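**Q** Would you mind keeping the following structure in view while I ask a few things?
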2 protein chains.
Amino acid sequence: MGVQEHQQHLDPSGLDAPLPTAFHDRLALLLVRTGDRIAVRGSERLEAALGIDGADYTALAVISQDAPRSQQELAQLLCKAPAMCVGLLDALEASGLVARERDPKDRRRSIVTLTAAGREVLAKADAIAAEVEAEAIEGLTDAERDRLLAVLLGPARAGAAAGA
Amino acid sequence: MGVQEHQQHLDPSGLDAPLPTAFHDRLALLLVRTGDRIAVRGSERLEAALGIDGADYTALAVISQDAPRSQQELAQLLCKAPAMCVGLLDALEASGLVARERDPKDRRRSIVTLTAAGREVLAKADAIAAEVEAEAIEGLTDAERDRLLAVLLGPARAGAAAGA
DNA sequence: CCTCAATCATTCAAGATCTGAATGATTTGT
DNA sequence: ACAAATCATTCAGATCTTGAATGATTGAGG
């Protein structure tokens with residue numbers, strides 16, 4: 001899961017540490033910590049239950065739903081350097097969760113697709129992610145959750161959502 | 001600013017990449033990406049304006065407001081290994097933003113405090129963080145923002161907030 | 001056709017980052 | 001006093017990322 005640079009690393013052992021009071025009126029810091037907590041907790045549980053981590057899960061979800069037409073496009077969606085996707089996909093392919101096939105229209109590109117096993121793992125991973133999400137935003141009503149989702153998707157997406 | 005382990009890395013160049021549609025109904029992934037984006041964008045701007053990064057800013061805020069009584073306590077609040085705080089504080093001390101002094105009550109510990117310059121930088125950094133935050137949650141009303149803050153602070157904190 | 005530039009996946013080496021154990025100083029409990 | 005625990009710090013090994021280089025393939029132009 002990661003964006004690009006720079007994530008800060010949460011200490012796995014420190015995940016249950018008390019939140020600094022400095023975060024009480026600094027939403028930016030709180031959002032960063034929340035994202036990290038979800039990433040760490042999610043990776044732990046995904047690893048234990050399915051043998052994949054958060055980055056793998058993100059890749060599976062994007063491959064399934066965005067159907068990128070090249071690894072470069074996938075890399076962009078994942079906010080990763082193309083070189084980083086190679087190892088990620090090698091592992092997922094070795095596990096039988098994804099398949100790489102050359103694009104017949106442009107043999108430089110490889111099109112990555114989910115296998116049946118990949119779809120199964122994704123479905124189970126989604127359930128785990130939903131649990132972790134629920135813990136992170138415990139107390140939010142369904143309507144509030146949907147509102148948050150729309151806002152975080154950004155103005156462009158908000159418009160699209162309104163239209164849909 | 002990182003947590004510890006496991007952050008995923010956002011590609012700095014990919015920050016403005018389109019959000020995968022796979023995130024449209026996966027709030028956990030969206031929250032992770034949002035946190036990473038705030039961390040990356042925040043670090044960029046803090047670096048340019050003040051010469052510090054997100055981790056430095058987080059440390060300054062925590063030192064200022066939580067007044068940790070040892071570097072170990074600071075490390076816990078930052079979700080970092082104690083060893084990681086050494087270099088972080090060395091740099092902040094060299095920049096004249098923080099001061100380390102031995103605790104007279106327990107000379108094993110060093111108490112870290114903000115210098116006058118540190119307080120100034122923190123104030124400016126807070127302004128930058130507020131800008132980045134505003135961009136991330138653009139469209140949220142003030143009431144909604146406060147609600148989000150309370151929820152992310154967790155049930156324990158929510159109770160405290162209600163009491164206050 | 002044939003060449004040149006661009007694009008793609010991949011590899012590799014260099015650099016940055018993190019973790020974990022080891023060290024020396026200091027405190028606490030017995 | 002002594003032993004065990006705690007603290008800041010250092011260091012080396014492991015991990016992870018980046019950036020340039022490579023070989024294959026495509027598209028454009030002449």
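All residue names refer to the structure tokens as shown: chains lettered A, B, ... in order, residues numbered from 1 in each chain, ligands numbered from 1 in order.
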Residues of chain A were defined as contacting chain C if any atom lay at most 10 Å from it, counting only C-alpha atoms (C1' of nucleotides); please report them as a PDB file with N, CA and C atoms, in the first residue's frame.

**A**
```pdb
ATOM      1  N   HIS A   9       7.404   5.171   9.177  1.00  0.00           N
ATOM      2  CA  HIS A   9       7.168   3.811   9.587  1.00  0.00           C
ATOM      3  C   HIS A   9       6.615   3.740  10.977  1.00  0.00           C
ATOM      4  N   SER A  70      -0.891  -2.210 -18.766  1.00  0.00           N
ATOM      5  CA  SER A  70       0.555  -2.445 -18.747  1.00  0.00           C
ATOM      6  C   SER A  70       1.013  -2.364 -17.300  1.00  0.00           C
ATOM      7  N   GLN A  71       2.212  -2.828 -17.046  1.00  0.00           N
ATOM      8  CA  GLN A  71       2.725  -2.740 -15.693  1.00  0.00           C
ATOM      9  C   GLN A  71       3.021  -1.293 -15.338  1.00  0.00           C
ATOM     10  N   GLN A  72       3.324  -0.502 -16.337  1.00  0.00           N
ATOM     11  CA  GLN A  72       3.561   0.917 -16.096  1.00  0.00           C
ATOM     12  C   GLN A  72       2.294   1.578 -15.573  1.00  0.00           C
ATOM     13  N   PRO A  82       7.968   1.654 -11.588  1.00  0.00           N
ATOM     14  CA  PRO A  82       7.719   0.446 -12.379  1.00  0.00           C
ATOM     15  C   PRO A  82       8.613  -0.720 -11.946  1.00  0.00           C
ATOM     16  N   ALA A  83       9.846  -0.407 -11.597  1.00  0.00           N
ATOM     17  CA  ALA A  83      10.772  -1.466 -11.188  1.00  0.00           C
ATOM     18  C   ALA A  83      10.274  -2.197  -9.948  1.00  0.00           C
ATOM     19  N   CYS A  85       7.219  -2.923  -9.251  1.00  0.00           N
ATOM     20  CA  CYS A  85       6.113  -3.830  -9.557  1.00  0.00           C
ATOM     21  C   CYS A  85       6.615  -5.193  -9.999  1.00  0.00           C
ATOM     22  N   VAL A  86       7.826  -5.226 -10.530  1.00  0.00           N
ATOM     23  CA  VAL A  86       8.351  -6.488 -11.043  1.00  0.00           C
ATOM     24  C   VAL A  86       8.387  -7.550  -9.954  1.00  0.00           C
ATOM     25  N   GLY A  87       9.028  -7.238  -8.867  1.00  0.00           N
ATOM     26  CA  GLY A  87       9.139  -8.195  -7.777  1.00  0.00           C
ATOM     27  C   GLY A  87       7.792  -8.516  -7.158  1.00  0.00           C
ATOM     28  N   ASP A 106       0.531  -5.158 -28.581  1.00  0.00           N
ATOM     29  CA  ASP A 106       1.800  -4.464 -28.336  1.00  0.00           C
ATOM     30  C   ASP A 106       2.625  -5.355 -27.424  1.00  0.00           C
ATOM     31  N   ARG A 107       3.499  -6.107 -28.035  1.00  0.00           N
ATOM     32  CA  ARG A 107       4.165  -7.161 -27.270  1.00  0.00           C
ATOM     33  C   ARG A 107       5.203  -6.653 -26.288  1.00  0.00           C
ATOM     34  N   ARG A 108       5.374  -5.321 -26.208  1.00  0.00           N
ATOM     35  CA  ARG A 108       6.245  -4.807 -25.159  1.00  0.00           C
ATOM     36  C   ARG A 108       5.542  -4.888 -23.812  1.00  0.00           C
ATOM     37  N   ARG A 109       4.242  -4.759 -23.852  1.00  0.00           N
ATOM     38  CA  ARG A 109       3.476  -4.701 -22.610  1.00  0.00           C
ATOM     39  C   ARG A 109       3.057  -6.079 -22.127  1.00  0.00           C
ATOM     40  N   SER A 110       2.977  -6.205 -20.802  1.00  0.00           N
ATOM     41  CA  SER A 110       2.344  -7.418 -20.305  1.00  0.00           C
ATOM     42  C   SER A 110       1.087  -7.011 -19.549  1.00  0.00           C
TER      43      SER A 110
END
```

**Q** How close does each residue of region 33-139 of chain A get to region 1-18 of chain D, giving the shortest atom pair and distance in Å to one decimal for every residue with an atom at most 10 Å away, counting only C-alpha atoms (C1' of nucleotides), sorted by chain and residue number, as a Markdown table?

**A**
```
| residue | atom | partner | partner_atom | distance |
| --- | --- | --- | --- | --- |
| A:Lys80 | CA | D:DT17 | C1' | 9.8 |
| A:Ala81 | CA | D:DT18 | C1' | 8.3 |
| A:Ala83 | CA | D:DT18 | C1' | 9.1 |
| A:Met84 | CA | D:DT17 | C1' | 8.2 |
```

**Q** Just C-alpha atoms for this one: save the residues we selected as a PDB file, in the first residue's frame.

**A**
```pdb
ATOM      1  CA  LYS A  80       5.166   2.940  -7.265  1.00  0.00           C
ATOM      2  CA  ALA A  81       8.190   2.903  -9.513  1.00  0.00           C
ATOM      3  CA  ALA A  83      10.772  -1.466 -11.188  1.00  0.00           C
ATOM      4  CA  MET A  84       9.028  -2.133  -7.878  1.00  0.00           C
TER       5      MET A  84
END
```

**Q** Under the rule of at most 12 Å, produce a per-residue listing of chain D near chain A: chain, number, name, the closest pair of atoms, and the distance in Å, as CSV, using only C-alpha atoms (C1' of nucleotides).

**A**
```
residue,atom,partner,partner_atom,distance
D:DC16,C1',A:Met84,CA,10.0
D:DT17,C1',A:Met84,CA,8.2
D:DT18,C1',A:Ala81,CA,8.3
D:DG19,C1',A:Ala83,CA,10.0
D:DA20,C1',A:Ala83,CA,11.7
D:DG23,C1',A:Arg108,CA,11.0
D:DA24,C1',A:Arg108,CA,7.1
D:DT25,C1',A:Arg108,CA,5.4
D:DT26,C1',A:Asp106,CA,7.2
D:DG27,C1',A:Asp106,CA,11.1
```

**Q** In Å, with one decimal, what is the gap from CA of Gly51 (chain A) to CA of Glu120 (chain A)?

**A**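 About the pair CA of Gly51 (chain A) and CA of Glu120 (chain A): they are 13.1 Å apart.
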
**Q** Out of chain B, which residues get alpha helix (DSSP H) from DSSP, as a PyMOL selection string?

**A** chain B and resi 27-50+54-66+71-78+82-94+116-136+142-163

**Q** Which residue out of B:Glu133, B:Glu144, B:Asp53, B:Asp66 has the minimum interatomic distance to Leu114 (chain B) when only C-alpha atoms are used?

**A**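 The closest residue to Leu114 (chain B) is B:Asp66.
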
**Q** Please determine, counting only C-alpha atoms, which residue among A:Arg100, A:Leu50, A:Ala117, A:Ile128 has the shortest atom-to-atom distance to chain B.

**A**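 Smallest distance to chain B is found for A:Ile128.
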
**Q** Choose the residue, out of B:Ala134, B:Ala67, B:Ala39, B:Leu60, that has the smallest atom-to-atom separation from Ala116 (chain B); count only C-alpha atoms.

**A** B:Leu60

**Q** In chain A, what's strand (DSSP E or B) per DSSP? Answer as a list of chain:residue names?

**A**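 DSSP on the backbone gives strand (DSSP E or B) at A:Gly2, A:Gln8, A:His9, A:Leu10, A:Val98, A:Ala99, A:Arg100, A:Glu101, A:Arg102, A:Asp103, A:Asp106, A:Arg107, A:Arg108, A:Arg109, A:Ser110, A:Ile111, A:Val112, A:Thr113, A:Leu114.
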
**Q** For Val151 (chain A), work out the shell of residues within 7 Å, counting only C-alpha atoms (C1' of nucleotides) and skipping chain neighbours fewer than 5 positions away, then give it as a list in words.

**A** Ala158 of chain A; Ile137, Glu138, Gly139 and Leu140 of chain B

**Q** Once you have the residues from the selection above, write them out as a short mmCIF file (atom, residue, chain, number, x, y, z; two decimals), in the first residue's frame, restricted to N, CA and C atoms.

**A**
```cif
data_model
loop_
_atom_site.label_atom_id
_atom_site.label_comp_id
_atom_site.auth_asym_id
_atom_site.auth_seq_id
_atom_site.Cartn_x
_atom_site.Cartn_y
_atom_site.Cartn_z
N ALA A 158 -16.17 13.30 -6.50
CA ALA A 158 -17.42 13.67 -5.87
C ALA A 158 -18.45 14.02 -6.93
N ILE B 137 -9.16 17.16 2.81
CA ILE B 137 -10.56 16.95 3.19
C ILE B 137 -11.44 18.07 2.65
N GLU B 138 -11.02 18.60 1.52
CA GLU B 138 -11.76 19.68 0.88
C GLU B 138 -13.23 19.29 0.70
N GLY B 139 -14.12 20.12 1.14
CA GLY B 139 -15.53 19.84 1.00
C GLY B 139 -16.20 19.48 2.31
N LEU B 140 -15.39 19.10 3.28
CA LEU B 140 -15.95 18.78 4.59
C LEU B 140 -16.28 20.07 5.34
#
```

**Q** Near Phe23 (chain A), counting only C-alpha atoms (C1' of nucleotides), which residues have an atom at most 10 Å away, once you skip same-chain residues fewer than 6 positions from it, shown as a list in words?

**A**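 Everything that qualifies: Leu29, Leu30, Leu31 and Arg33 of chain A; Thr58, Ala61, Val62, Gln65, Asp66, Leu149 and Leu153 of chain B.
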
**Q** Write the selection just made, keeping C-alpha atoms, as a CSV table (one decimal), in the first residue's frame?

**A**
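Result written to selection.csv:
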```csv
chain,number,residue,atom,x,y,z
A,29,LEU,CA,-1.0,14.1,11.7
A,30,LEU,CA,-3.9,12.0,12.8
A,31,LEU,CA,-4.8,11.1,9.2
A,33,ARG,CA,-1.1,7.9,11.7
B,58,THR,CA,5.6,15.4,14.2
B,61,ALA,CA,4.5,18.8,17.9
B,62,VAL,CA,4.8,15.9,20.3
B,65,GLN,CA,2.5,19.2,23.7
B,66,ASP,CA,3.1,15.8,25.3
B,149,LEU,CA,-11.2,14.2,14.3
B,153,LEU,CA,-9.1,9.8,18.0
```
